[in-house]
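The file work.csv contains CSV, C-alpha atoms:
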chain,number,residue,atom,x,y,z
Q,29,MET,CA,69.8,162.3,92.2
Q,30,THR,CA,72.2,161.0,89.5
Q,31,LYS,CA,75.5,159.9,90.8
Q,32,LEU,CA,78.6,159.6,88.5
Q,33,PHE,CA,82.0,158.1,89.5
Q,34,HIS,CA,84.8,159.8,87.5
Q,35,VAL,CA,88.0,157.8,87.6
Q,36,SER,CA,91.2,158.2,85.7
Q,37,ASP,CA,94.9,157.2,85.3
Q,38,VAL,CA,94.6,153.7,86.7
Q,39,HIS,CA,97.8,152.7,84.8
Q,40,PHE,CA,97.5,148.9,84.9
Q,41,GLY,CA,101.1,147.8,85.1
Q,42,LYS,CA,101.7,150.4,87.9
Q,43,GLU,CA,98.2,150.2,89.4
Q,44,ASP,CA,97.6,150.4,93.2
Q,45,PRO,CA,96.0,147.1,94.1
Q,46,SER,CA,94.3,148.4,97.2
Q,47,ALA,CA,93.0,151.4,95.4
Q,48,ILE,CA,91.4,149.5,92.5
Q,49,THR,CA,89.8,147.0,94.9
Q,50,TRP,CA,88.5,149.9,97.0
Q,51,PHE,CA,87.0,151.6,93.9
Q,52,ALA,CA,85.3,148.4,92.8
Q,53,GLU,CA,83.9,148.0,96.3
Q,54,ARG,CA,82.6,151.6,96.2
Q,55,VAL,CA,80.8,150.9,92.9
Q,56,ALA,CA,79.2,147.7,94.2
Q,57,ALA,CA,78.1,149.4,97.5
Q,58,GLU,CA,77.0,152.8,96.2
Q,59,LYS,CA,75.7,151.9,92.7
Q,60,PRO,CA,76.6,155.0,90.7
Q,61,ASP,CA,74.6,155.6,87.5
Q,62,ALA,CA,77.7,155.5,85.4
Q,63,VAL,CA,81.5,155.3,85.6
Q,64,ILE,CA,83.5,157.7,83.4
Q,65,MET,CA,87.1,156.6,82.9
Q,66,THR,CA,89.1,159.5,81.4
Q,67,GLY,CA,92.1,157.6,80.1
Q,68,ASP,CA,95.4,156.0,80.9
Q,69,LEU,CA,93.9,152.6,81.7
Q,70,THR,CA,97.4,151.1,81.1
Q,71,MET,CA,101.0,152.0,81.7
Q,72,ARG,CA,102.6,150.9,78.5
Q,73,ALA,CA,99.7,149.8,76.3
Q,74,ARG,CA,100.8,146.1,76.7
Q,75,ALA,CA,98.4,143.3,76.0
Q,76,HIS,CA,98.5,142.0,79.6
Q,77,GLU,CA,97.8,145.5,80.9
Q,78,PHE,CA,94.7,145.8,78.7
Q,79,GLU,CA,93.6,142.3,79.7
Q,80,ALA,CA,93.8,143.2,83.4
Q,81,GLY,CA,92.3,146.7,83.0
Q,82,GLY,CA,89.5,145.4,80.8
Q,83,ALA,CA,88.6,142.7,83.2
Q,84,TRP,CA,88.5,145.2,86.0
Q,85,LEU,CA,86.3,147.6,84.1
Q,86,LYS,CA,83.9,144.9,83.0
Q,87,SER,CA,83.6,143.7,86.6
Q,88,LEU,CA,82.1,147.1,87.6
Q,89,ALA,CA,78.3,147.0,88.1
Q,90,ALA,CA,77.6,150.2,86.2
Q,91,PRO,CA,77.6,151.6,82.6
Q,92,VAL,CA,81.2,152.6,81.7
Q,93,THR,CA,82.6,154.9,79.1
Q,94,VAL,CA,86.4,155.0,78.5
Q,95,GLU,CA,88.6,157.7,77.0
Q,96,ILE,CA,91.9,156.9,75.4
Q,97,GLY,CA,95.0,158.3,77.3
Q,98,ASN,CA,98.5,159.0,76.0
Q,99,HIS,CA,99.7,155.8,77.8
Q,100,ASP,CA,97.1,153.7,76.0
Q,101,ILE,CA,98.7,153.8,72.6
Q,102,PRO,CA,102.1,152.2,71.8
Q,103,TYR,CA,105.1,154.2,72.7
Q,104,TYR,CA,107.7,155.7,70.4
Q,105,TRP,CA,109.8,152.5,70.4
Q,106,ASP,CA,107.0,150.7,68.6
Q,107,PRO,CA,106.3,153.1,65.8
Q,108,ILE,CA,104.7,150.6,63.4
Q,109,ARG,CA,102.0,149.7,65.8
Q,110,ARG,CA,101.6,153.3,67.1
Q,111,PHE,CA,100.9,154.6,63.6
Q,112,LEU,CA,99.1,151.6,61.9
Q,113,ALA,CA,97.3,149.8,64.7
Q,114,PRO,CA,97.3,151.9,67.8
Q,115,TYR,CA,94.1,150.5,69.2
Q,116,SER,CA,94.6,146.8,68.4
Q,117,ARG,CA,94.9,145.8,72.0
Q,118,TYR,CA,91.7,147.5,73.2
Q,119,ALA,CA,89.5,144.5,72.2
Q,120,ALA,CA,88.6,143.7,75.8
Q,121,ILE,CA,86.8,147.0,76.2
Q,122,GLU,CA,86.2,148.1,72.6
Q,123,ARG,CA,82.5,148.8,73.2
Q,124,MET,CA,83.3,151.1,76.1
Q,125,ILE,CA,85.8,153.4,74.2
Q,126,GLU,CA,84.5,156.9,73.6
Q,127,ARG,CA,80.9,155.7,74.3
Q,128,PRO,CA,78.4,158.5,74.7
Q,129,LEU,CA,76.1,157.9,77.6
Q,130,ALA,CA,72.5,159.1,78.0
Q,131,LEU,CA,71.3,159.2,81.6
Q,132,SER,CA,68.4,160.8,83.3
Q,133,GLY,CA,69.0,164.5,82.8
Q,134,VAL,CA,72.7,164.0,81.9
Q,135,THR,CA,74.5,163.4,78.6
Q,136,ILE,CA,78.2,162.3,78.6
Q,137,VAL,CA,80.0,163.3,75.4
Q,138,PRO,CA,83.5,161.9,74.5
Q,139,LEU,CA,86.3,164.1,73.2
Q,140,LYS,CA,89.6,162.5,72.1
Q,141,THR,CA,92.7,164.5,73.1
Q,142,ILE,CA,95.5,162.3,72.0
Q,143,ALA,CA,97.4,162.1,68.7
Q,144,ARG,CA,99.7,159.5,67.2
Q,145,ALA,CA,102.1,162.3,66.3
Q,146,GLN,CA,102.5,166.0,66.9
Q,147,TRP,CA,104.6,168.9,65.7
Q,148,ARG,CA,106.4,169.1,69.0
Q,149,MET,CA,108.8,166.9,71.0
Q,150,ASN,CA,106.5,165.7,73.8
Q,151,TRP,CA,103.6,163.7,72.3
Q,152,SER,CA,102.2,162.9,75.7
Q,153,LYS,CA,100.6,166.4,75.9
Q,154,GLY,CA,97.0,167.1,74.8
Q,155,TYR,CA,95.8,167.6,71.2
Q,156,VAL,CA,92.3,168.3,70.1
Q,157,GLY,CA,91.8,167.4,66.5
Q,158,ARG,CA,89.1,169.2,64.5
Q,159,SER,CA,87.2,166.0,63.6
Q,160,SER,CA,87.1,165.0,67.3
Q,161,LEU,CA,85.8,168.4,68.3
Q,162,ARG,CA,83.2,168.3,65.5
Q,163,ARG,CA,81.9,165.0,66.7
Q,164,ALA,CA,81.6,166.2,70.3
Q,165,LEU,CA,79.7,169.3,69.2
Q,166,ALA,CA,77.3,167.2,67.1
Q,167,LEU,CA,76.6,165.0,70.1
Q,168,ILE,CA,75.9,168.1,72.2
Q,169,ALA,CA,73.5,169.4,69.6
Q,170,ASP,CA,71.7,166.1,69.6
Q,171,ALA,CA,71.4,165.9,73.4
Q,172,PRO,CA,67.9,166.3,75.0
Q,173,LYS,CA,67.1,169.9,75.7
Q,174,GLY,CA,67.7,170.7,79.4
Q,175,ASN,CA,70.2,168.0,80.0
Q,176,LEU,CA,73.5,168.7,81.8
Q,177,ILE,CA,76.3,168.1,79.3
Q,178,PHE,CA,79.6,166.6,80.6
Q,179,VAL,CA,82.4,166.3,78.1
Q,180,ALA,CA,84.9,163.5,78.9
Q,181,ALA,CA,88.5,163.9,77.8
Q,182,HIS,CA,91.9,162.6,78.9
Q,183,HIS,CA,93.8,165.9,79.0
Q,184,PRO,CA,92.6,169.1,80.7
Q,185,LEU,CA,91.8,171.6,77.9
Q,186,ILE,CA,93.5,174.4,79.8
Q,187,GLU,CA,95.9,174.2,82.8
Q,188,GLY,CA,94.2,173.7,86.2
Q,189,GLY,CA,97.0,174.8,88.5
Q,190,THR,CA,98.2,171.3,89.2
Q,191,LYS,CA,101.8,170.0,89.4
Q,192,GLY,CA,101.3,168.0,86.2
Q,193,THR,CA,100.5,169.8,82.9
Q,194,ALA,CA,98.6,169.1,79.8
Q,195,ARG,CA,99.5,171.9,77.4
Q,196,THR,CA,96.7,170.8,75.2
Q,197,TYR,CA,97.0,172.0,71.6
Q,198,ARG,CA,93.7,173.7,70.5
Q,199,GLY,CA,92.5,173.2,74.0
Q,200,GLU,CA,91.4,176.9,74.5
Q,201,GLU,CA,89.6,176.9,71.1
Q,202,ALA,CA,87.8,173.6,72.0
Q,203,LEU,CA,86.8,175.0,75.4
Q,204,GLN,CA,85.3,178.1,73.9
Q,205,GLU,CA,83.3,176.1,71.3
Q,206,LEU,CA,82.1,173.6,73.9
Q,207,ALA,CA,81.0,176.3,76.2
Q,208,ALA,CA,79.1,178.1,73.3
Q,209,ALA,CA,77.5,174.8,72.4
Q,210,GLY,CA,76.1,174.4,75.9
Q,211,ALA,CA,78.5,172.0,77.7
Q,212,HIS,CA,78.5,172.5,81.5
Q,213,ALA,CA,81.8,170.7,82.4
Q,214,VAL,CA,84.8,169.0,80.9
Q,215,LEU,CA,86.0,165.9,82.9
Q,216,SER,CA,89.6,165.0,82.5
Q,217,GLY,CA,92.6,163.1,84.0
Q,218,HIS,CA,96.3,163.1,83.1
Q,219,VAL,CA,97.6,165.3,85.9
Q,220,HIS,CA,96.9,162.8,88.7
Q,221,ASP,CA,95.4,165.4,91.1
Q,222,PRO,CA,91.8,166.3,91.5
Q,223,PHE,CA,90.4,169.8,90.8
Q,224,ASP,CA,87.1,171.6,90.0
Q,225,ILE,CA,87.6,175.1,88.5
Q,226,PRO,CA,84.9,177.3,87.0
Q,227,VAL,CA,86.0,179.3,84.0
Q,228,GLU,CA,84.0,181.8,81.9
Q,229,ARG,CA,83.9,181.7,78.2
Q,230,GLY,CA,81.6,183.8,76.0
Q,231,GLY,CA,79.5,184.7,79.0
Q,232,ARG,CA,79.0,181.1,80.1
Q,233,THR,CA,80.5,179.3,83.0
Q,234,ILE,CA,82.0,175.9,82.2
Q,235,ARG,CA,83.7,173.7,84.9
Q,236,MET,CA,87.0,172.1,84.4
Q,237,ILE,CA,87.0,168.9,86.6
Q,238,GLY,CA,90.0,166.7,87.0
Q,239,ALA,CA,90.2,163.3,88.7
Q,240,GLY,CA,93.2,161.9,90.6
Q,241,THR,CA,94.7,158.5,90.0
Q,242,LEU,CA,94.3,154.9,91.3
Q,243,SER,CA,97.9,154.1,90.5
Q,244,LYS,CA,101.1,154.1,92.4
Q,245,ARG,CA,102.1,157.2,90.4
Q,246,THR,CA,100.6,159.8,92.8
Q,247,ARG,CA,101.6,163.4,92.9
Q,248,ASN,CA,100.1,165.8,95.5
Q,249,SER,CA,97.1,163.7,96.6
Q,250,PRO,CA,96.5,160.1,97.6
Q,251,PRO,CA,94.8,157.6,95.3
Q,252,GLY,CA,91.2,158.6,94.6
Q,253,PHE,CA,88.4,159.4,92.3
Q,254,ASN,CA,85.7,162.0,91.9
Q,255,GLU,CA,82.0,161.6,92.8
Q,256,ILE,CA,79.7,163.9,90.9
Q,257,ARG,CA,76.3,164.4,92.3
Q,258,VAL,CA,73.7,165.8,90.0
Q,259,MET,CA,70.6,167.2,91.6
Q,260,GLY,CA,68.1,168.6,89.0
Q,261,ASN,CA,69.9,171.3,87.2
Q,262,ARG,CA,72.8,171.6,89.7
Q,263,PHE,CA,75.8,169.4,90.4
Q,264,GLU,CA,78.7,169.2,92.9
Q,265,THR,CA,82.1,167.4,92.8
Q,266,LEU,CA,83.5,165.4,95.7
Q,267,ALA,CA,87.1,164.1,95.7
Q,268,ARG,CA,87.0,160.6,97.3
Q,269,THR,CA,90.4,159.4,98.6
Q,270,GLN,CA,92.0,156.7,100.6
Q,271,SER,CA,93.1,159.0,103.4
Q,272,PRO,CA,92.1,160.2,106.9
Q,273,GLU,CA,89.9,162.8,105.2
Q,274,PRO,CA,88.1,160.6,102.7
Q,275,VAL,CA,85.8,163.2,101.1
Q,276,GLN,CA,86.6,166.7,100.0
Q,277,ARG,CA,84.1,169.0,98.3
Q,278,LEU,CA,85.9,170.4,95.3
Q,279,GLY,CA,83.2,172.7,93.8
Q,280,ALA,CA,79.5,173.1,92.9
Q,281,SER,CA,77.6,174.7,90.1
Q,282,ARG,CA,75.1,177.5,90.7
Q,283,THR,CA,71.8,177.6,88.9
Q,284,ALA,CA,72.9,180.8,87.1
Q,285,ASP,CA,75.9,178.9,85.7
Q,286,LEU,CA,73.6,176.5,83.9
Q,287,VAL,CA,71.3,178.9,82.1

Would you mind giving the structure from this file in structure tokens?
Amino acid sequence: MTKLFHVSDVHFGKEDPSAITWFAERVAAEKPDAVIMTGDLTMRARAHEFEAGGAWLKSLAAPVTVEIGNHDIPYYWDPIRRFLAPYSRYAAIERMIERPLALSGVTIVPLKTIARAQWRMNWSKGYVGRSSLRRALALIADAPKGNLIFVAAHHPLIEGGTKGTARTYRGEEALQELAAAGAHAVLSGHVHDPFDIPVERGGRTIRMIGAGTLSKRTRNSPPGFNEIRVMGNRFETLARTQSPEPVQRLGASRTADLV
């Protein structure tokens, strides 16, 4: 069995100290094959937040890949750095950013869903650029035949019925192309509540899987992360939380979904 820990929206600067300690303890004790961090490592993209977040990620005893969240680039009041050097403070974790991972029977493919600017008022919402999508599709095409393909993004490509919203521009188009290319799931964050929803596109089933948060900015669920268990050509998603009911089964694939 391959075990993945899917974590998101830690928001260093507004992190929950007990939750991040608990997560690190779970990694050390359970030894997942990889940690997939789907964005918003920081709260305001400040240097000290990246330093703390980077140290925490590097302390985890597992391969880590990190997506960029909308909170991880400078805000509107720092336009020069936002447009000219948005990733200058990522040095502590530069090698983890949008890092494809090849595991036994599983390929993790990054997909950037943020933009420095958009033709709408709220730039925190999702945006799939054509070059980012092309890169993801190329990585899927290069994956070993028979592997399960998990795409990692910050924003859900379509809405998952949560309190928070993504409203991802070109999200539906991206979802259709990823499904046609053979992706089995899109892992995301942003909305701070976990979900696992199967959707059908072009005759294929692709799962939309969202992780909760390890920050103090909770919404409808306590601090937590997702555990994804891969068993051959099937997988299931468990929501792990700091609560009286610490494990909740969110969903599972069927063999027919993965053909």

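Nearest-residue note for Glu200 of chain Q: choosing from Q:His34, Q:Arg262, Q:Lys42, Q:Arg229, the minimum distance belongs to Q:Arg229, counting all atoms listed in the file.
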
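Comparing Q:Tyr197, Q:Phe40, Q:Phe253, Q:Phe263 by their smallest distance to Val55 of chain Q, the closest is Q:Phe253 (using all atoms listed in the file).
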
Can you list, as a PyMOL selection string, every protein, DNA or RNA residue that comes within 12 Å of Ile48 of chain Q when you count all atoms listed in the file, leaving out same-chain residues fewer than 3 positions away? chain Q and resi 35-40+42-45+51-55+69+80-81+83-85+87-88+241-244+251-253+269-270

Would you save the residues from that selection as a PDB file, keeping the file's coordinate frame, using C-alpha atoms?
ATOM      1  CA  VAL Q  35      88.000 157.800  87.600  1.00  0.00           C
ATOM      2  CA  SER Q  36      91.200 158.200  85.700  1.00  0.00           C
ATOM      3  CA  ASP Q  37      94.900 157.200  85.300  1.00  0.00           C
ATOM      4  CA  VAL Q  38      94.600 153.700  86.700  1.00  0.00           C
ATOM      5  CA  HIS Q  39      97.800 152.700  84.800  1.00  0.00           C
ATOM      6  CA  PHE Q  40      97.500 148.900  84.900  1.00  0.00           C
ATOM      7  CA  LYS Q  42     101.700 150.400  87.900  1.00  0.00           C
ATOM      8  CA  GLU Q  43      98.200 150.200  89.400  1.00  0.00           C
ATOM      9  CA  ASP Q  44      97.600 150.400  93.200  1.00  0.00           C
ATOM     10  CA  PRO Q  45      96.000 147.100  94.100  1.00  0.00           C
ATOM     11  CA  PHE Q  51      87.000 151.600  93.900  1.00  0.00           C
ATOM     12  CA  ALA Q  52      85.300 148.400  92.800  1.00  0.00           C
ATOM     13  CA  GLU Q  53      83.900 148.000  96.300  1.00  0.00           C
ATOM     14  CA  ARG Q  54      82.600 151.600  96.200  1.00  0.00           C
ATOM     15  CA  VAL Q  55      80.800 150.900  92.900  1.00  0.00           C
ATOM     16  CA  LEU Q  69      93.900 152.600  81.700  1.00  0.00           C
ATOM     17  CA  ALA Q  80      93.800 143.200  83.400  1.00  0.00           C
ATOM     18  CA  GLY Q  81      92.300 146.700  83.000  1.00  0.00           C
ATOM     19  CA  ALA Q  83      88.600 142.700  83.200  1.00  0.00           C
ATOM     20  CA  TRP Q  84      88.500 145.200  86.000  1.00  0.00           C
ATOM     21  CA  LEU Q  85      86.300 147.600  84.100  1.00  0.00           C
ATOM     22  CA  SER Q  87      83.600 143.700  86.600  1.00  0.00           C
ATOM     23  CA  LEU Q  88      82.100 147.100  87.600  1.00  0.00           C
ATOM     24  CA  THR Q 241      94.700 158.500  90.000  1.00  0.00           C
ATOM     25  CA  LEU Q 242      94.300 154.900  91.300  1.00  0.00           C
ATOM     26  CA  SER Q 243      97.900 154.100  90.500  1.00  0.00           C
ATOM     27  CA  LYS Q 244     101.100 154.100  92.400  1.00  0.00           C
ATOM     28  CA  PRO Q 251      94.800 157.600  95.300  1.00  0.00           C
ATOM     29  CA  GLY Q 252      91.200 158.600  94.600  1.00  0.00           C
ATOM     30  CA  PHE Q 253      88.400 159.400  92.300  1.00  0.00           C
ATOM     31  CA  THR Q 269      90.400 159.400  98.600  1.00  0.00           C
ATOM     32  CA  GLN Q 270      92.000 156.700 100.600  1.00  0.00           C
TER      33      GLN Q 270
END

Which is closer to His182 of chain Q than all the others in Q:Gly260, Q:Gly210, Q:Gly231, Q:Gly199, using only C-alpha atoms? Q:Gly199

Which is closer to Ala267 of chain Q than all the others in Q:Asn150, Q:Thr233, Q:Asn98, Q:Ser249, using all atoms listed in the file?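 The closest residue to Ala267 of chain Q is Q:Ser249.
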
Kindly assemble as a tab-separated table a list of the segment 29-48 of chain Q residues that lie within 10 Å of segment 127-144 of chain Q, each paired with its nearest atom pair and their distance in Å to one decimal, using all atoms listed in the file, sorted first by chain and then by ascending residue number.
residue	atom	partner	partner_atom	distance
Q:Met29	CA	Q:Ser132	CA	9.1
Q:Thr30	CA	Q:Ser132	CA	7.3
Q:Leu32	CA	Q:Val134	CA	9.9

With only C-alpha atoms counted and 10 Å as the cut-off, give the residues of segment 184-227 of chain Q in contact with segment 157-163 of chain Q, each with its shortest interatomic distance in Å and the pair that gives it, as JSON lines.
{"residue": "Q:Tyr197", "atom": "CA", "partner": "Q:Gly157", "partner_atom": "CA", "distance": 8.6}
{"residue": "Q:Arg198", "atom": "CA", "partner": "Q:Gly157", "partner_atom": "CA", "distance": 7.7}
{"residue": "Q:Gly199", "atom": "CA", "partner": "Q:Gly157", "partner_atom": "CA", "distance": 9.5}
{"residue": "Q:Glu201", "atom": "CA", "partner": "Q:Leu161", "partner_atom": "CA", "distance": 9.7}
{"residue": "Q:Ala202", "atom": "CA", "partner": "Q:Leu161", "partner_atom": "CA", "distance": 6.7}
{"residue": "Q:Leu203", "atom": "CA", "partner": "Q:Leu161", "partner_atom": "CA", "distance": 9.7}
{"residue": "Q:Glu205", "atom": "CA", "partner": "Q:Leu161", "partner_atom": "CA", "distance": 8.6}
{"residue": "Q:Leu206", "atom": "CA", "partner": "Q:Leu161", "partner_atom": "CA", "distance": 8.5}

Best match for closeness to Asp100 of chain Q among Q:Glu228, Q:Asp170, Q:Asp68, Q:Asp61, counting all atoms listed in the file: Q:Asp68

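Atom pair atom CA of Glu273 of chain Q / atom CA of Asp221 of chain Q: separated by 15.4 Å.
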
Spatial neighbours of Pro184 of chain Q, 9 Å, only C-alpha atoms, chain gap at least 5 places, as a ChimeraX atom specification: /Q:141,154,193-196,199,214-219,236-238

To one decimal in Å, tell me the separation between atom CA of Ile125 of chain Q and atom CA of Thr93 of chain Q.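 Atom CA of Thr93 of chain Q lies at a distance of 6.0 Å from atom CA of Ile125 of chain Q.
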
A straight line from atom CA of Ser281 of chain Q to atom CA of Glu264 of chain Q spans 6.3 Å

Which residue, Q:Val179, Q:Val92, Q:Ile186, Q:Met259, has the smallest gap to Ala164 of chain Q when you use only C-alpha atoms? Q:Val179

Near Ala280 of chain Q, within 12 Å and counting all atoms listed in the file, which residues show up once chain neighbours fewer than 5 positions away are dropped, as a compact mmCIF listing (two decimals) with C-alpha atoms, keeping the file's coordinate frame?
# COMPACT_ATOMS: atom_id res chain seq x y z
CA HIS Q 212 78.50 172.50 81.50
CA ALA Q 213 81.80 170.70 82.40
CA PHE Q 223 90.40 169.80 90.80
CA ASP Q 224 87.10 171.60 90.00
CA ILE Q 225 87.60 175.10 88.50
CA PRO Q 226 84.90 177.30 87.00
CA THR Q 233 80.50 179.30 83.00
CA ILE Q 234 82.00 175.90 82.20
CA ARG Q 235 83.70 173.70 84.90
CA MET Q 236 87.00 172.10 84.40
CA ILE Q 237 87.00 168.90 86.60
CA GLU Q 255 82.00 161.60 92.80
CA ILE Q 256 79.70 163.90 90.90
CA ARG Q 257 76.30 164.40 92.30
CA VAL Q 258 73.70 165.80 90.00
CA MET Q 259 70.60 167.20 91.60
CA ASN Q 261 69.90 171.30 87.20
CA ARG Q 262 72.80 171.60 89.70
CA PHE Q 263 75.80 169.40 90.40
CA GLU Q 264 78.70 169.20 92.90
CA THR Q 265 82.10 167.40 92.80
CA LEU Q 266 83.50 165.40 95.70
CA ASP Q 285 75.90 178.90 85.70
CA LEU Q 286 73.60 176.50 83.90

Could you name the residues that touch Lys59 of chain Q at 9 Å or less, counting only C-alpha atoms, but leaving out those on the same chain fewer than 5 positions away, as a count of residues only? 4
